[in-house]
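Here is run32.txt, consisting of compact mmCIF, N, CA and C atoms:
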# COMPACT_ATOMS: atom_id res chain seq x y z
N MET A 173 117.11 109.53 91.02
CA MET A 173 116.45 108.68 90.06
C MET A 173 115.55 107.68 90.80
N ILE A 174 114.38 107.48 90.26
CA ILE A 174 113.43 106.56 90.86
C ILE A 174 113.70 105.15 90.33
N PRO A 175 113.90 104.19 91.24
CA PRO A 175 114.12 102.81 90.79
C PRO A 175 112.90 102.30 90.02
N TYR A 176 113.16 101.57 88.98
CA TYR A 176 112.12 100.91 88.18
C TYR A 176 111.18 101.90 87.48
N ARG A 177 111.66 103.09 87.22
CA ARG A 177 110.82 104.12 86.57
C ARG A 177 110.26 103.62 85.23
N LYS A 178 111.10 102.99 84.42
CA LYS A 178 110.67 102.50 83.11
C LYS A 178 109.59 101.42 83.27
N GLU A 179 109.76 100.54 84.21
CA GLU A 179 108.80 99.46 84.43
C GLU A 179 107.48 99.99 84.99
N ILE A 180 107.56 100.96 85.89
CA ILE A 180 106.35 101.57 86.45
C ILE A 180 105.56 102.26 85.34
N THR A 181 106.25 102.98 84.49
CA THR A 181 105.60 103.68 83.37
C THR A 181 104.93 102.68 82.43
N ALA A 182 105.63 101.61 82.09
CA ALA A 182 105.06 100.58 81.20
C ALA A 182 103.85 99.93 81.85
N GLY A 183 103.93 99.64 83.13
CA GLY A 183 102.80 99.03 83.83
C GLY A 183 101.59 99.95 83.88
N THR A 184 101.83 101.22 84.13
CA THR A 184 100.74 102.19 84.17
C THR A 184 100.08 102.32 82.80
N ARG A 185 100.87 102.36 81.75
CA ARG A 185 100.31 102.42 80.39
C ARG A 185 99.45 101.19 80.10
N PHE A 186 99.92 100.02 80.54
CA PHE A 186 99.15 98.80 80.34
C PHE A 186 97.80 98.89 81.06
N LEU A 187 97.82 99.36 82.30
CA LEU A 187 96.57 99.47 83.06
C LEU A 187 95.60 100.45 82.41
N LEU A 188 96.13 101.54 81.88
CA LEU A 188 95.28 102.50 81.16
C LEU A 188 94.63 101.83 79.95
N ALA A 189 95.37 100.96 79.29
CA ALA A 189 94.88 100.31 78.07
C ALA A 189 93.84 99.24 78.35
N VAL A 190 93.92 98.57 79.50
CA VAL A 190 93.00 97.46 79.76
C VAL A 190 91.77 97.86 80.57
N ARG A 191 91.73 99.07 81.07
CA ARG A 191 90.58 99.50 81.87
C ARG A 191 89.30 99.34 81.06
N ASN A 192 88.27 98.87 81.71
CA ASN A 192 86.97 98.70 81.06
C ASN A 192 86.17 100.00 81.09
N ASN A 193 85.12 100.05 80.28
CA ASN A 193 84.28 101.24 80.20
C ASN A 193 83.59 101.58 81.52
N ASP A 194 83.43 100.60 82.41
CA ASP A 194 82.80 100.86 83.70
C ASP A 194 83.77 101.47 84.70
N GLY A 195 85.02 101.69 84.29
CA GLY A 195 86.03 102.29 85.15
C GLY A 195 86.86 101.28 85.89
N GLY A 196 86.43 100.01 85.88
CA GLY A 196 87.15 98.98 86.61
C GLY A 196 88.22 98.30 85.77
N ILE A 197 88.99 97.46 86.44
CA ILE A 197 90.06 96.70 85.81
C ILE A 197 89.60 95.25 85.68
N PRO A 198 89.83 94.62 84.53
CA PRO A 198 89.38 93.23 84.35
C PRO A 198 89.91 92.32 85.46
N ALA A 199 89.04 91.41 85.88
CA ALA A 199 89.40 90.49 86.95
C ALA A 199 90.38 89.43 86.47
N THR A 200 90.30 89.07 85.21
CA THR A 200 91.19 88.01 84.71
C THR A 200 91.94 88.46 83.47
N CYS A 201 91.26 88.51 82.36
CA CYS A 201 91.91 88.84 81.08
C CYS A 201 91.33 90.12 80.50
N GLN A 202 92.12 90.77 79.67
CA GLN A 202 91.68 91.99 79.00
C GLN A 202 90.35 91.74 78.31
N GLY A 203 89.41 92.66 78.49
CA GLY A 203 88.10 92.53 77.87
C GLY A 203 87.09 91.78 78.72
N MET A 204 87.53 91.14 79.78
CA MET A 204 86.61 90.42 80.67
C MET A 204 86.01 91.41 81.67
N SER A 205 85.07 90.94 82.46
CA SER A 205 84.39 91.79 83.45
C SER A 205 85.37 92.38 84.45
N SER A 206 85.04 93.56 84.91
CA SER A 206 85.85 94.21 85.94
C SER A 206 85.67 93.52 87.27
N GLY A 207 86.72 93.52 88.06
CA GLY A 207 86.65 92.93 89.39
C GLY A 207 86.95 93.97 90.46
N CYS A 208 86.27 93.83 91.60
CA CYS A 208 86.51 94.77 92.70
C CYS A 208 87.90 94.59 93.29
N TRP A 209 88.31 93.35 93.48
CA TRP A 209 89.64 93.11 94.05
C TRP A 209 90.72 93.66 93.13
N THR A 210 90.62 93.36 91.82
CA THR A 210 91.63 93.83 90.87
C THR A 210 91.64 95.35 90.80
N SER A 211 90.46 95.93 90.72
CA SER A 211 90.36 97.39 90.62
C SER A 211 90.91 98.06 91.87
N ALA A 212 90.57 97.53 93.04
CA ALA A 212 91.07 98.09 94.29
C ALA A 212 92.59 97.96 94.38
N SER A 213 93.11 96.81 93.96
CA SER A 213 94.56 96.61 94.01
C SER A 213 95.28 97.58 93.09
N VAL A 214 94.72 97.82 91.90
CA VAL A 214 95.32 98.78 90.97
C VAL A 214 95.27 100.18 91.56
N LEU A 215 94.13 100.56 92.13
CA LEU A 215 94.01 101.88 92.74
C LEU A 215 95.04 102.04 93.86
N GLU A 216 95.13 101.05 94.70
CA GLU A 216 96.09 101.07 95.81
C GLU A 216 97.53 101.21 95.29
N SER A 217 97.85 100.45 94.27
CA SER A 217 99.21 100.49 93.70
C SER A 217 99.52 101.84 93.07
N LEU A 218 98.60 102.37 92.28
CA LEU A 218 98.85 103.64 91.61
C LEU A 218 98.94 104.80 92.60
N LEU A 219 98.13 104.76 93.65
CA LEU A 219 98.20 105.82 94.66
C LEU A 219 99.46 105.72 95.50
N SER A 220 100.05 104.54 95.57
CA SER A 220 101.29 104.34 96.32
C SER A 220 102.53 104.53 95.45
N ASN A 221 102.33 104.65 94.16
CA ASN A 221 103.41 104.77 93.19
C ASN A 221 104.09 106.13 93.32
N PRO A 222 105.40 106.16 93.40
CA PRO A 222 106.09 107.44 93.56
C PRO A 222 106.25 108.22 92.25
N TYR A 223 105.87 107.62 91.12
CA TYR A 223 106.13 108.28 89.86
C TYR A 223 104.97 108.08 88.89
N HIS A 224 104.53 109.17 88.30
CA HIS A 224 103.51 109.12 87.25
C HIS A 224 103.95 110.01 86.10
N GLU A 225 103.95 109.44 84.93
CA GLU A 225 104.35 110.17 83.72
C GLU A 225 103.26 111.13 83.26
N ILE A 226 102.00 110.78 83.54
CA ILE A 226 100.86 111.59 83.13
C ILE A 226 99.94 111.83 84.32
N ASP A 227 99.00 112.74 84.16
CA ASP A 227 98.02 113.00 85.21
C ASP A 227 96.99 111.87 85.20
N LEU A 228 96.94 111.11 86.27
CA LEU A 228 96.05 109.95 86.36
C LEU A 228 94.75 110.24 87.10
N ARG A 229 94.50 111.50 87.41
CA ARG A 229 93.33 111.85 88.22
C ARG A 229 92.04 111.24 87.67
N ASN A 230 91.75 111.41 86.40
CA ASN A 230 90.50 110.88 85.83
C ASN A 230 90.47 109.35 85.84
N PHE A 231 91.61 108.73 85.59
CA PHE A 231 91.72 107.28 85.64
C PHE A 231 91.42 106.79 87.06
N LEU A 232 92.03 107.42 88.04
CA LEU A 232 91.82 107.05 89.44
C LEU A 232 90.37 107.28 89.86
N LEU A 233 89.78 108.39 89.44
CA LEU A 233 88.38 108.67 89.77
C LEU A 233 87.45 107.64 89.14
N GLY A 234 87.80 107.14 87.96
CA GLY A 234 87.00 106.09 87.32
C GLY A 234 87.01 104.80 88.14
N ILE A 235 88.18 104.45 88.65
CA ILE A 235 88.27 103.25 89.49
C ILE A 235 87.51 103.47 90.80
N ILE A 236 87.64 104.64 91.38
CA ILE A 236 86.91 104.95 92.62
C ILE A 236 85.42 104.84 92.38
N ASP A 237 84.94 105.40 91.29
CA ASP A 237 83.51 105.33 90.97
C ASP A 237 83.08 103.87 90.80
N PHE A 238 83.89 103.07 90.13
CA PHE A 238 83.58 101.65 89.98
C PHE A 238 83.44 100.99 91.34
N LEU A 239 84.39 101.25 92.24
CA LEU A 239 84.33 100.63 93.56
C LEU A 239 83.12 101.10 94.36
N LEU A 240 82.83 102.38 94.33
CA LEU A 240 81.67 102.89 95.07
C LEU A 240 80.37 102.31 94.51
N THR A 241 80.30 102.17 93.20
CA THR A 241 79.10 101.62 92.56
C THR A 241 78.91 100.15 92.90
N ASN A 242 79.99 99.43 93.08
CA ASN A 242 79.90 97.98 93.29
C ASN A 242 79.96 97.54 94.74
N GLN A 243 80.03 98.48 95.67
CA GLN A 243 79.96 98.09 97.08
C GLN A 243 78.55 97.59 97.36
N ILE A 244 78.45 96.51 98.08
CA ILE A 244 77.14 95.93 98.41
C ILE A 244 76.47 96.84 99.43
N THR A 245 75.20 97.18 99.17
CA THR A 245 74.53 98.18 100.00
C THR A 245 73.37 97.65 100.83
N SER A 246 73.01 96.38 100.64
CA SER A 246 71.88 95.87 101.41
C SER A 246 72.10 94.41 101.81
N GLY A 247 71.31 93.99 102.77
CA GLY A 247 71.38 92.61 103.23
C GLY A 247 72.55 92.38 104.17
N VAL A 248 72.83 91.11 104.45
CA VAL A 248 73.89 90.76 105.40
C VAL A 248 75.28 91.08 104.87
N GLU A 249 75.41 91.25 103.56
CA GLU A 249 76.72 91.57 102.97
C GLU A 249 76.94 93.07 102.80
N ALA A 250 76.01 93.88 103.28
CA ALA A 250 76.11 95.34 103.12
C ALA A 250 77.43 95.85 103.67
N GLY A 251 78.12 96.64 102.86
CA GLY A 251 79.40 97.21 103.24
C GLY A 251 80.57 96.49 102.61
N GLY A 252 80.37 95.24 102.22
CA GLY A 252 81.44 94.47 101.61
C GLY A 252 81.54 94.71 100.11
N TRP A 253 82.62 94.25 99.54
CA TRP A 253 82.80 94.26 98.10
C TRP A 253 82.87 92.82 97.62
N PRO A 254 82.27 92.54 96.47
CA PRO A 254 82.22 91.15 96.02
C PRO A 254 83.49 90.68 95.31
N LEU A 255 83.70 89.40 95.45
CA LEU A 255 84.66 88.65 94.64
C LEU A 255 83.80 87.55 94.05
N GLY A 256 83.43 87.69 92.79
CA GLY A 256 82.43 86.80 92.21
C GLY A 256 81.06 87.30 92.61
N SER A 257 80.26 86.43 93.19
CA SER A 257 78.87 86.79 93.48
C SER A 257 78.60 87.16 94.93
N SER A 258 79.59 87.05 95.81
CA SER A 258 79.33 87.38 97.21
C SER A 258 80.47 88.20 97.80
N ALA A 259 80.17 88.85 98.92
CA ALA A 259 81.16 89.70 99.58
C ALA A 259 82.37 88.87 99.97
N SER A 260 83.52 89.49 99.86
CA SER A 260 84.79 88.82 100.10
C SER A 260 85.66 89.65 101.03
N THR A 261 86.31 88.98 101.97
CA THR A 261 87.22 89.70 102.86
C THR A 261 88.40 90.25 102.07
N MET A 262 88.86 89.52 101.07
CA MET A 262 90.00 89.97 100.27
C MET A 262 89.64 91.22 99.46
N ALA A 263 88.52 91.17 98.75
CA ALA A 263 88.10 92.33 97.96
C ALA A 263 87.78 93.52 98.86
N THR A 264 87.12 93.26 99.97
CA THR A 264 86.74 94.34 100.89
C THR A 264 87.97 94.95 101.55
N GLY A 265 88.92 94.12 101.93
CA GLY A 265 90.15 94.63 102.53
C GLY A 265 90.92 95.52 101.57
N HIS A 266 91.06 95.07 100.33
CA HIS A 266 91.78 95.88 99.34
C HIS A 266 91.01 97.16 99.03
N ALA A 267 89.69 97.07 98.90
CA ALA A 267 88.90 98.26 98.58
C ALA A 267 88.98 99.29 99.70
N THR A 268 88.85 98.85 100.95
CA THR A 268 88.92 99.82 102.05
C THR A 268 90.30 100.46 102.12
N THR A 269 91.35 99.68 101.95
CA THR A 269 92.71 100.24 101.98
C THR A 269 92.90 101.25 100.86
N ALA A 270 92.49 100.89 99.65
CA ALA A 270 92.65 101.79 98.51
C ALA A 270 91.87 103.08 98.70
N LEU A 271 90.65 102.98 99.24
CA LEU A 271 89.83 104.18 99.41
C LEU A 271 90.33 105.06 100.56
N VAL A 272 90.97 104.47 101.56
CA VAL A 272 91.60 105.29 102.60
C VAL A 272 92.77 106.07 102.00
N ILE A 273 93.57 105.42 101.19
CA ILE A 273 94.69 106.11 100.53
C ILE A 273 94.15 107.19 99.59
N ALA A 274 93.05 106.89 98.89
CA ALA A 274 92.45 107.87 97.97
C ALA A 274 91.97 109.11 98.72
N GLN A 275 91.52 108.95 99.95
CA GLN A 275 91.09 110.10 100.74
C GLN A 275 92.25 111.08 100.95
N ARG A 276 93.43 110.54 101.13
CA ARG A 276 94.62 111.40 101.30
C ARG A 276 95.01 112.08 99.99
N PHE A 277 94.85 111.36 98.89
CA PHE A 277 95.23 111.89 97.59
C PHE A 277 94.26 112.98 97.13
N PHE A 278 92.97 112.79 97.37
CA PHE A 278 91.94 113.73 96.92
C PHE A 278 91.42 114.59 98.08
N PHE A 279 92.27 114.89 99.06
CA PHE A 279 91.86 115.56 100.29
C PHE A 279 91.16 116.89 100.06
N GLU A 280 91.43 117.56 98.95
CA GLU A 280 90.81 118.87 98.70
C GLU A 280 89.35 118.75 98.25
N ASP A 281 88.95 117.59 97.79
CA ASP A 281 87.57 117.36 97.35
C ASP A 281 86.78 116.79 98.54
N THR A 282 86.26 117.68 99.36
CA THR A 282 85.62 117.25 100.61
C THR A 282 84.39 116.39 100.39
N ALA A 283 83.64 116.62 99.31
CA ALA A 283 82.47 115.78 99.03
C ALA A 283 82.90 114.35 98.70
N LEU A 284 83.95 114.22 97.91
CA LEU A 284 84.46 112.89 97.58
C LEU A 284 85.03 112.21 98.82
N VAL A 285 85.79 112.93 99.61
CA VAL A 285 86.37 112.36 100.82
C VAL A 285 85.26 111.86 101.75
N ASP A 286 84.16 112.58 101.84
CA ASP A 286 83.03 112.16 102.67
C ASP A 286 82.45 110.84 102.15
N LYS A 287 82.27 110.73 100.83
CA LYS A 287 81.78 109.49 100.23
C LYS A 287 82.72 108.32 100.51
N LEU A 288 84.01 108.59 100.33
CA LEU A 288 85.01 107.55 100.54
C LEU A 288 85.06 107.12 102.00
N ASN A 289 84.94 108.08 102.89
CA ASN A 289 84.94 107.76 104.32
C ASN A 289 83.74 106.89 104.68
N LYS A 290 82.57 107.23 104.17
CA LYS A 290 81.37 106.42 104.45
C LYS A 290 81.52 105.01 103.90
N ALA A 291 82.06 104.90 102.70
CA ALA A 291 82.26 103.57 102.10
C ALA A 291 83.27 102.75 102.89
N THR A 292 84.37 103.38 103.30
CA THR A 292 85.38 102.63 104.05
C THR A 292 84.86 102.24 105.42
N GLN A 293 84.11 103.11 106.06
CA GLN A 293 83.53 102.76 107.36
C GLN A 293 82.58 101.57 107.23
N ALA A 294 81.76 101.56 106.18
CA ALA A 294 80.86 100.42 105.95
C ALA A 294 81.66 99.15 105.68
N GLY A 295 82.74 99.28 104.92
CA GLY A 295 83.59 98.13 104.64
C GLY A 295 84.24 97.59 105.89
N LEU A 296 84.73 98.48 106.74
CA LEU A 296 85.36 98.06 107.99
C LEU A 296 84.35 97.40 108.93
N ARG A 297 83.11 97.92 108.95
CA ARG A 297 82.06 97.28 109.76
C ARG A 297 81.79 95.87 109.25
N TRP A 298 81.71 95.73 107.91
CA TRP A 298 81.46 94.39 107.34
C TRP A 298 82.60 93.45 107.71
N LEU A 299 83.83 93.92 107.58
CA LEU A 299 84.97 93.08 107.95
C LEU A 299 84.91 92.69 109.42
N ASP A 300 84.60 93.65 110.29
CA ASP A 300 84.52 93.37 111.71
C ASP A 300 83.43 92.35 112.03
N ASN A 301 82.30 92.47 111.33
CA ASN A 301 81.18 91.55 111.55
C ASN A 301 81.42 90.15 110.99
N ASN A 302 82.44 89.99 110.17
CA ASN A 302 82.68 88.70 109.53
C ASN A 302 83.99 88.05 109.95
N LYS A 303 84.49 88.46 111.11
CA LYS A 303 85.71 87.85 111.64
C LYS A 303 85.40 86.51 112.29
N ASN A 304 86.38 85.65 112.28
CA ASN A 304 86.31 84.42 113.06
C ASN A 304 86.56 84.76 114.53
N ASP A 305 86.29 83.82 115.39
CA ASP A 305 86.50 84.06 116.82
C ASP A 305 87.94 84.42 117.16
N ASP A 306 88.89 83.91 116.36
CA ASP A 306 90.31 84.19 116.64
C ASP A 306 90.78 85.49 115.99
N GLY A 307 89.88 86.23 115.34
CA GLY A 307 90.23 87.50 114.71
C GLY A 307 90.64 87.39 113.26
N SER A 308 90.70 86.19 112.73
CA SER A 308 91.06 85.99 111.31
C SER A 308 89.79 86.01 110.46
N TRP A 309 89.99 85.90 109.16
CA TRP A 309 88.88 85.86 108.23
C TRP A 309 89.01 84.66 107.30
N ILE A 310 87.88 84.21 106.85
CA ILE A 310 87.85 83.22 105.78
C ILE A 310 87.85 84.00 104.49
N MET A 311 88.67 83.65 103.53
CA MET A 311 88.81 84.45 102.31
C MET A 311 87.49 84.66 101.59
N GLY A 312 86.61 83.69 101.51
CA GLY A 312 85.39 83.80 100.73
C GLY A 312 84.27 84.54 101.40
N CYS A 313 84.36 84.82 102.70
CA CYS A 313 83.23 85.49 103.32
C CYS A 313 83.64 86.76 104.01

Represent the supplied structure as structure tokens.
Amino acid sequence: MIPYRKEITAGTRFLLAVRNNDGGIPATCQGMSSGCWTSASVLESLLSNPYHEIDLRNFLLGIIDFLLTNQITSGVEAGGWPLGSSASTMATGHATTALVIAQRFFFEDTALVDKLNKATQAGLRWLDNNKNDDGSWIMGC
């Protein structure tokens, strides 16, 4: 028996219900704009979840598409994911982690894995370029 099976199922149903039309998960309240950090965290959680009552493939692909669409592609923030209006170490860290896990989940779709790999590599470069001298990060940049 999987611990917390009932709670995991209820949580997954809730996430399915609150997902926005853009494929993302609201950053704050149901019906509000989707957030990269929230969407990445949900993707990471669902891909790490040991139990799914239904096939979540399309739901997961919607979140992946949202993250790929919202990755910053130009300027000094290129490769990062935004939290609000600028690239964020927190959003970028969660997005890169979630997309690395997604590569393992969707390993048979080589075109998707290639896209995810390119996005995660860009995210990791952005994170590396925005480290403090001591190797830490400031949450907002």

Using only C-alpha atoms, what table do you get, as CSV, when you list each residue of stretch 252-274 of chain A with an atom no more than 7 Å from stretch 210-217 of chain A, its nearest pair of atoms, and their distance in Å rounded to one decimal, rows by chain then rising number?
residue,atom,partner,partner_atom,distance
A:His266,CA,A:Ala212,CA,5.6
A:Ala267,CA,A:Ala212,CA,4.8
A:Ala270,CA,A:Glu216,CA,4.4

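Among the candidates A:Ile310, A:Ile226, A:Met204, A:Leu271, the one nearest to A:Ala291 when counting only C-alpha atoms is A:Leu271.
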
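Straight-line separation from atom C of A:Asn242 to atom CA of A:Pro254: 6.9 Å.
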
Please identify all polymer residues lying at most 12 Å from the point (86.0, 93.9, 107.5) (file coordinates), using only C-alpha atoms, and present the result as a PyMOL selection string.
chain A and resi 249-253+259-269+291-304+307-311+313

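Atom pair atom CA of A:Asn221 / atom C of A:Gly203: separated by 25.4 Å.
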
Residues within 5 Å of stretch 186-195 of chain A, please, as JSON, numbers by chain. Count all atoms listed in the file; anything in the same chain fewer than 2 positions from it doesn't count.
{"A": [182, 183, 184, 197, 234, 235]}

Take atom CA of A:Trp209 and atom CA of A:Leu255 and report the distance between them in Å, one decimal.
6.7 Å

As an NGL selection string, which residues of stretch 233-286 of chain A does DSSP assign to helix (DSSP H, G or I)?
:A and (233-242 or 261-277 or 282-286)

Residue among A:Arg276, A:Gly196, A:His224, A:Asn289 lying closest to A:Asp237, counting only N, CA and C atoms:
A:Gly196

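Those residues in chain A carrying a DSSP assignment of strand (DSSP E or B), computed from the backbone, are Ile197, Pro198, Ser206, Gly207, Trp253, Pro254, Leu255, Ser258, Ala259 and Ser260 of chain A.
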
Write a file of the just-selected residues containing N, CA and C atoms, as a short mmCIF file (atom, residue, chain, number, x, y, z; two decimals), in the coordinates of the input.
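The new file out-v4.cif reads:
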data_model
loop_
_atom_site.label_atom_id
_atom_site.label_comp_id
_atom_site.auth_asym_id
_atom_site.auth_seq_id
_atom_site.Cartn_x
_atom_site.Cartn_y
_atom_site.Cartn_z
N ILE A 197 88.99 97.46 86.44
CA ILE A 197 90.06 96.70 85.81
C ILE A 197 89.60 95.25 85.68
N PRO A 198 89.83 94.62 84.53
CA PRO A 198 89.38 93.23 84.35
C PRO A 198 89.91 92.32 85.46
N SER A 206 85.04 93.56 84.91
CA SER A 206 85.85 94.21 85.94
C SER A 206 85.67 93.52 87.27
N GLY A 207 86.72 93.52 88.06
CA GLY A 207 86.65 92.93 89.39
C GLY A 207 86.95 93.97 90.46
N TRP A 253 82.62 94.25 99.54
CA TRP A 253 82.80 94.26 98.10
C TRP A 253 82.87 92.82 97.62
N PRO A 254 82.27 92.54 96.47
CA PRO A 254 82.22 91.15 96.02
C PRO A 254 83.49 90.68 95.31
N LEU A 255 83.70 89.40 95.45
CA LEU A 255 84.66 88.65 94.64
C LEU A 255 83.80 87.55 94.05
N SER A 258 79.59 87.05 95.81
CA SER A 258 79.33 87.38 97.21
C SER A 258 80.47 88.20 97.80
N ALA A 259 80.17 88.85 98.92
CA ALA A 259 81.16 89.70 99.58
C ALA A 259 82.37 88.87 99.97
N SER A 260 83.52 89.49 99.86
CA SER A 260 84.79 88.82 100.10
C SER A 260 85.66 89.65 101.03
#

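Shortest atom-to-atom contact with A:Lys287 among A:Leu218, A:Leu240, A:Val248, A:Ile273: A:Leu240, counting only C-alpha atoms.
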
Axis-aligned box for stretch 176-189 of chain A, 5 Å per side, centre and edges in Å as lines of an AutoDock Vina configuration file:
center_x = 103.5
center_y = 101.5
center_z = 83.5
size_x = 29.3
size_y = 15.3
size_z = 20.9
